[in-house]
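Asks: Provided herewith is a single structure, encoded as structure tokens, for subsequent inquiry.
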Amino acid sequence: MERIRVVVSGTGLMGREVLAAVCAQEDMEAVGVIEKFAQEEFISLPGPEARLVPLRTDPKTLIEQTSPDVIVDFTNAEWTKEVAPAALAAGARMVIGTTNLDEAFVSDLAAVCAERNLGSLIAPNFALGAVVMIHLAKEAARFFDYAEIVESHQEKKVDSPSGTALAMARAMVEGHGRPFTHTTPEKEPLGGARGADYGGVAIHSQRMPGFVAHHEISFGGTGQTLRIRHDSTGRESFMPGVLLAVREVMKRDRLVLGLDNLLGL
């Protein structure tokens, strides 16, 4: 069986989790790692064989050396913009979990993928439960005029609100067909207490140690509330979705937005 050659972009918490997950698959082979601030030339893979693979600061150099089929990127928007063009130019597919990518970059990426017949994926969340939650929230949004989101992440998360919370809010407004009713108090002794506002959906962000990724949606109606909640208690919760994406982009010939579109939701 020919294995999928995978490069991981980033050596942070998510990058290391992805590397371990890839190494545990019989149909995948981790062939290298890209890290902007790397000081070593090699990195030891997790697992019983613990072999060394190249660790490089320059995406083009690493890609030329390792000839990957897929590059998995969970870094930041600026670094992703350096990795993706080098990957597609070499015929490698992208699986991107980075958030805050601007529309121009996504549009350009889609055009290049279509031109080169390369499958790629951008998704705000790879936990299958979170993806199902967004789908359910969009359906429920038809029946309520009030909705709010509370999301909680670790204290070092770079963006607020989370990309997943924004994806939820967008799906909810789309499902509702119009903006939700956003209540504004007559008095606000402390500004911002009602959170951010996306299409009438109030979004509240918590950032502190002890959290991984938690999202709760509350819908309000006459005499009732509906709550939908998803909790990722460990980064391993994202790995089934990442591995699914790595396999699926090999079968696609264009950019896919959202893991839901790989799950048929």
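By convention in this document, the chains of the structure tokens carry letters A, B, ... by their order, each chain's residues are numbered from 1, and ligands are numbered from 1 in the order they are shown.
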Region 149-156 of chain A: which residues within 10 Å, counting only C-alpha atoms, same-chain residues fewer than 2 positions away excluded, as a ChimeraX atom specification?
Replies: /A:147,158-162,164-166,168-169,195-196,201-219,227-232
Asks: I want to know what sits within 7 Å of region 176-191 of chain A, based on only C-alpha atoms, with residues of the same chain fewer than 5 positions away left out; could you give that as a list of chain:residue names?
Replies: A:Ala141, A:Arg142, A:Asp145, A:Tyr146, A:Ala147, A:Gly199, A:Gly200, A:Val201
Asks: Could those residues be written to a file, using C-alpha atoms, as a PDB file, in the first residue's frame?
Replies:
ATOM      1  CA  ALA A 141     -32.044  28.791  14.297  1.00  0.00           C
ATOM      2  CA  ARG A 142     -35.226  28.713  12.217  1.00  0.00           C
ATOM      3  CA  ASP A 145     -35.377  34.931  17.522  1.00  0.00           C
ATOM      4  CA  TYR A 146     -32.779  35.172  20.310  1.00  0.00           C
ATOM      5  CA  ALA A 147     -29.404  33.433  20.367  1.00  0.00           C
ATOM      6  CA  GLY A 199     -25.989  39.332  13.122  1.00  0.00           C
ATOM      7  CA  GLY A 200     -27.723  39.764  16.463  1.00  0.00           C
ATOM      8  CA  VAL A 201     -25.919  36.772  18.005  1.00  0.00           C
TER       9      VAL A 201
END
Asks: Mind checking which residues fall within 12 Å of region 42-52 of chain A, counting only C-alpha atoms, ignoring those fewer than 4 positions away in the same chain, and posting them as a list in words?
Replies: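 Listing them by chain and then by number gives Val7, Val8, Gly10, Thr11, Gly15, Arg16, Glu17, Val18, Leu19, Ala20, Ala21, Val22, Cys23, Ala24, Gln25, Glu29, Ala30, Val31, Gly32, Val33, Ile34, Glu35, Ala38, Arg56, Thr57 and Leu62 of chain A.
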Asks: Would you tabulate, counting only C-alpha atoms, all residues of region 37-126 of chain A that have an atom at most 10 Å from an atom of region 245-259 of chain A, showing the closest pair of atoms and their distance in Å to one decimal, sorted by chain then ascending number, as JSON lines?
Replies:
{"residue": "A:Asp69", "atom": "CA", "partner": "A:Met250", "partner_atom": "CA", "distance": 7.9}
{"residue": "A:Val70", "atom": "CA", "partner": "A:Val246", "partner_atom": "CA", "distance": 6.7}
{"residue": "A:Ile71", "atom": "CA", "partner": "A:Val246", "partner_atom": "CA", "distance": 8.5}
{"residue": "A:Val72", "atom": "CA", "partner": "A:Val246", "partner_atom": "CA", "distance": 7.8}
{"residue": "A:Ala92", "atom": "CA", "partner": "A:Met250", "partner_atom": "CA", "distance": 9.5}
{"residue": "A:Arg93", "atom": "CA", "partner": "A:Val249", "partner_atom": "CA", "distance": 6.9}
{"residue": "A:Met94", "atom": "CA", "partner": "A:Val249", "partner_atom": "CA", "distance": 7.8}
{"residue": "A:Val95", "atom": "CA", "partner": "A:Val246", "partner_atom": "CA", "distance": 6.6}
{"residue": "A:Ile96", "atom": "CA", "partner": "A:Ala245", "partner_atom": "CA", "distance": 9.5}
{"residue": "A:Gly97", "atom": "CA", "partner": "A:Gly258", "partner_atom": "CA", "distance": 9.7}
{"residue": "A:Val106", "atom": "CA", "partner": "A:Leu255", "partner_atom": "CA", "distance": 9.0}
{"residue": "A:Ser107", "atom": "CA", "partner": "A:Leu255", "partner_atom": "CA", "distance": 9.6}
{"residue": "A:Leu109", "atom": "CA", "partner": "A:Leu255", "partner_atom": "CA", "distance": 7.4}
{"residue": "A:Ala110", "atom": "CA", "partner": "A:Leu255", "partner_atom": "CA", "distance": 5.2}
{"residue": "A:Ala111", "atom": "CA", "partner": "A:Leu255", "partner_atom": "CA", "distance": 8.3}
{"residue": "A:Val112", "atom": "CA", "partner": "A:Arg254", "partner_atom": "CA", "distance": 8.5}
{"residue": "A:Cys113", "atom": "CA", "partner": "A:Arg254", "partner_atom": "CA", "distance": 5.0}
{"residue": "A:Ala114", "atom": "CA", "partner": "A:Arg254", "partner_atom": "CA", "distance": 4.9}
{"residue": "A:Glu115", "atom": "CA", "partner": "A:Arg254", "partner_atom": "CA", "distance": 8.4}
{"residue": "A:Arg116", "atom": "CA", "partner": "A:Asp253", "partner_atom": "CA", "distance": 7.9}
{"residue": "A:Asn117", "atom": "CA", "partner": "A:Asp253", "partner_atom": "CA", "distance": 4.2}
{"residue": "A:Leu118", "atom": "CA", "partner": "A:Asp253", "partner_atom": "CA", "distance": 4.5}
{"residue": "A:Gly119", "atom": "CA", "partner": "A:Arg252", "partner_atom": "CA", "distance": 4.3}
{"residue": "A:Ser120", "atom": "CA", "partner": "A:Leu255", "partner_atom": "CA", "distance": 4.6}
{"residue": "A:Leu121", "atom": "CA", "partner": "A:Val256", "partner_atom": "CA", "distance": 4.8}
{"residue": "A:Ile122", "atom": "CA", "partner": "A:Leu257", "partner_atom": "CA", "distance": 5.1}
{"residue": "A:Ala123", "atom": "CA", "partner": "A:Gly258", "partner_atom": "CA", "distance": 4.3}
{"residue": "A:Pro124", "atom": "CA", "partner": "A:Gly258", "partner_atom": "CA", "distance": 6.9}
{"residue": "A:Asn125", "atom": "CA", "partner": "A:Leu259", "partner_atom": "CA", "distance": 7.6}
{"residue": "A:Phe126", "atom": "CA", "partner": "A:Leu259", "partner_atom": "CA", "distance": 6.8}
Asks: Can you write out the residues you just picked, keeping N, CA and C atoms, as an mmCIF file, in the first residue's frame?
Replies:
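This is the output file result15.cif:
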data_model
loop_
_atom_site.group_PDB
_atom_site.id
_atom_site.type_symbol
_atom_site.label_atom_id
_atom_site.label_comp_id
_atom_site.auth_asym_id
_atom_site.auth_seq_id
_atom_site.Cartn_x
_atom_site.Cartn_y
_atom_site.Cartn_z
ATOM 1 N N ASP A 69 2.613 14.697 -0.109
ATOM 2 C CA ASP A 69 1.296 14.716 -0.758
ATOM 3 C C ASP A 69 0.389 15.750 -0.101
ATOM 4 N N VAL A 70 0.504 15.870 1.225
ATOM 5 C CA VAL A 70 -0.376 16.745 2.007
ATOM 6 C C VAL A 70 0.445 17.479 3.055
ATOM 7 N N ILE A 71 0.115 18.758 3.259
ATOM 8 C CA ILE A 71 0.703 19.535 4.354
ATOM 9 C C ILE A 71 -0.430 19.946 5.295
ATOM 10 N N VAL A 72 -0.271 19.648 6.572
ATOM 11 C CA VAL A 72 -1.267 20.002 7.587
ATOM 12 C C VAL A 72 -0.762 21.222 8.338
ATOM 13 N N ALA A 92 1.431 19.800 -3.777
ATOM 14 C CA ALA A 92 0.992 19.248 -2.493
ATOM 15 C C ALA A 92 -0.344 19.864 -2.092
ATOM 16 N N ARG A 93 -1.161 19.087 -1.434
ATOM 17 C CA ARG A 93 -2.465 19.550 -0.973
ATOM 18 C C ARG A 93 -2.350 20.120 0.435
ATOM 19 N N MET A 94 -3.297 21.005 0.794
ATOM 20 C CA MET A 94 -3.276 21.645 2.101
ATOM 21 C C MET A 94 -4.485 21.223 2.940
ATOM 22 N N VAL A 95 -4.230 20.942 4.215
ATOM 23 C CA VAL A 95 -5.285 20.810 5.219
ATOM 24 C C VAL A 95 -5.009 21.900 6.243
ATOM 25 N N ILE A 96 -5.885 22.896 6.303
ATOM 26 C CA ILE A 96 -5.623 24.111 7.077
ATOM 27 C C ILE A 96 -6.633 24.265 8.205
ATOM 28 N N GLY A 97 -6.110 24.370 9.427
ATOM 29 C CA GLY A 97 -6.950 24.645 10.583
ATOM 30 C C GLY A 97 -6.707 26.031 11.139
ATOM 31 N N VAL A 106 -8.231 33.223 0.776
ATOM 32 C CA VAL A 106 -9.062 32.035 0.541
ATOM 33 C C VAL A 106 -9.488 31.970 -0.922
ATOM 34 N N SER A 107 -9.860 33.121 -1.482
ATOM 35 C CA SER A 107 -10.273 33.175 -2.885
ATOM 36 C C SER A 107 -9.123 32.790 -3.810
ATOM 37 N N LEU A 109 -6.512 30.969 -3.014
ATOM 38 C CA LEU A 109 -6.212 29.555 -2.794
ATOM 39 C C LEU A 109 -7.187 28.673 -3.572
ATOM 40 N N ALA A 110 -8.460 29.045 -3.547
ATOM 41 C CA ALA A 110 -9.471 28.281 -4.278
ATOM 42 C C ALA A 110 -9.180 28.286 -5.777
ATOM 43 N N ALA A 111 -8.762 29.442 -6.296
ATOM 44 C CA ALA A 111 -8.484 29.554 -7.729
ATOM 45 C C ALA A 111 -7.299 28.688 -8.133
ATOM 46 N N VAL A 112 -6.243 28.686 -7.325
ATOM 47 C CA VAL A 112 -5.059 27.887 -7.642
ATOM 48 C C VAL A 112 -5.380 26.395 -7.533
ATOM 49 N N CYS A 113 -6.136 26.003 -6.515
ATOM 50 C CA CYS A 113 -6.509 24.595 -6.365
ATOM 51 C C CYS A 113 -7.303 24.111 -7.575
ATOM 52 N N ALA A 114 -8.248 24.952 -8.028
ATOM 53 C CA ALA A 114 -9.061 24.581 -9.190
ATOM 54 C C ALA A 114 -8.207 24.498 -10.449
ATOM 55 N N GLU A 115 -7.277 25.431 -10.597
ATOM 56 C CA GLU A 115 -6.403 25.453 -11.778
ATOM 57 C C GLU A 115 -5.504 24.227 -11.826
ATOM 58 N N ARG A 116 -5.023 23.789 -10.656
ATOM 59 C CA ARG A 116 -4.083 22.666 -10.599
ATOM 60 C C ARG A 116 -4.754 21.335 -10.261
ATOM 61 N N ASN A 117 -6.090 21.360 -10.111
ATOM 62 C CA ASN A 117 -6.841 20.151 -9.753
ATOM 63 C C ASN A 117 -6.328 19.521 -8.456
ATOM 64 N N LEU A 118 -6.114 20.370 -7.465
ATOM 65 C CA LEU A 118 -5.604 19.918 -6.181
ATOM 66 C C LEU A 118 -6.668 20.078 -5.100
ATOM 67 N N GLY A 119 -6.946 18.997 -4.393
ATOM 68 C CA GLY A 119 -7.858 19.082 -3.267
ATOM 69 C C GLY A 119 -7.178 19.720 -2.071
ATOM 70 N N SER A 120 -7.894 20.570 -1.362
ATOM 71 C CA SER A 120 -7.410 21.167 -0.119
ATOM 72 C C SER A 120 -8.614 21.450 0.761
ATOM 73 N N LEU A 121 -8.352 21.759 2.025
ATOM 74 C CA LEU A 121 -9.442 22.017 2.966
ATOM 75 C C LEU A 121 -9.054 23.124 3.927
ATOM 76 N N ILE A 122 -9.990 24.025 4.184
ATOM 77 C CA ILE A 122 -9.887 24.987 5.281
ATOM 78 C C ILE A 122 -11.084 24.748 6.188
ATOM 79 N N ALA A 123 -10.840 24.558 7.476
ATOM 80 C CA ALA A 123 -11.937 24.313 8.414
ATOM 81 C C ALA A 123 -11.657 25.014 9.736
ATOM 82 N N PRO A 124 -12.680 25.618 10.357
ATOM 83 C CA PRO A 124 -12.478 26.296 11.633
ATOM 84 C C PRO A 124 -12.353 25.331 12.809
ATOM 85 N N ASN A 125 -12.875 24.115 12.655
ATOM 86 C CA ASN A 125 -12.826 23.145 13.746
ATOM 87 C C ASN A 125 -12.802 21.740 13.155
ATOM 88 N N PHE A 126 -11.981 20.867 13.741
ATOM 89 C CA PHE A 126 -11.852 19.496 13.236
ATOM 90 C C PHE A 126 -12.443 18.466 14.192
#
Asks: Measuring between only C-alpha atoms, which one of A:Glu64, A:Asp260, A:Asp58, A:Glu139 shows the shortest distance to Glu174 (chain A)?
Replies: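 The answer is A:Glu139, which sits nearest to Glu174 (chain A).
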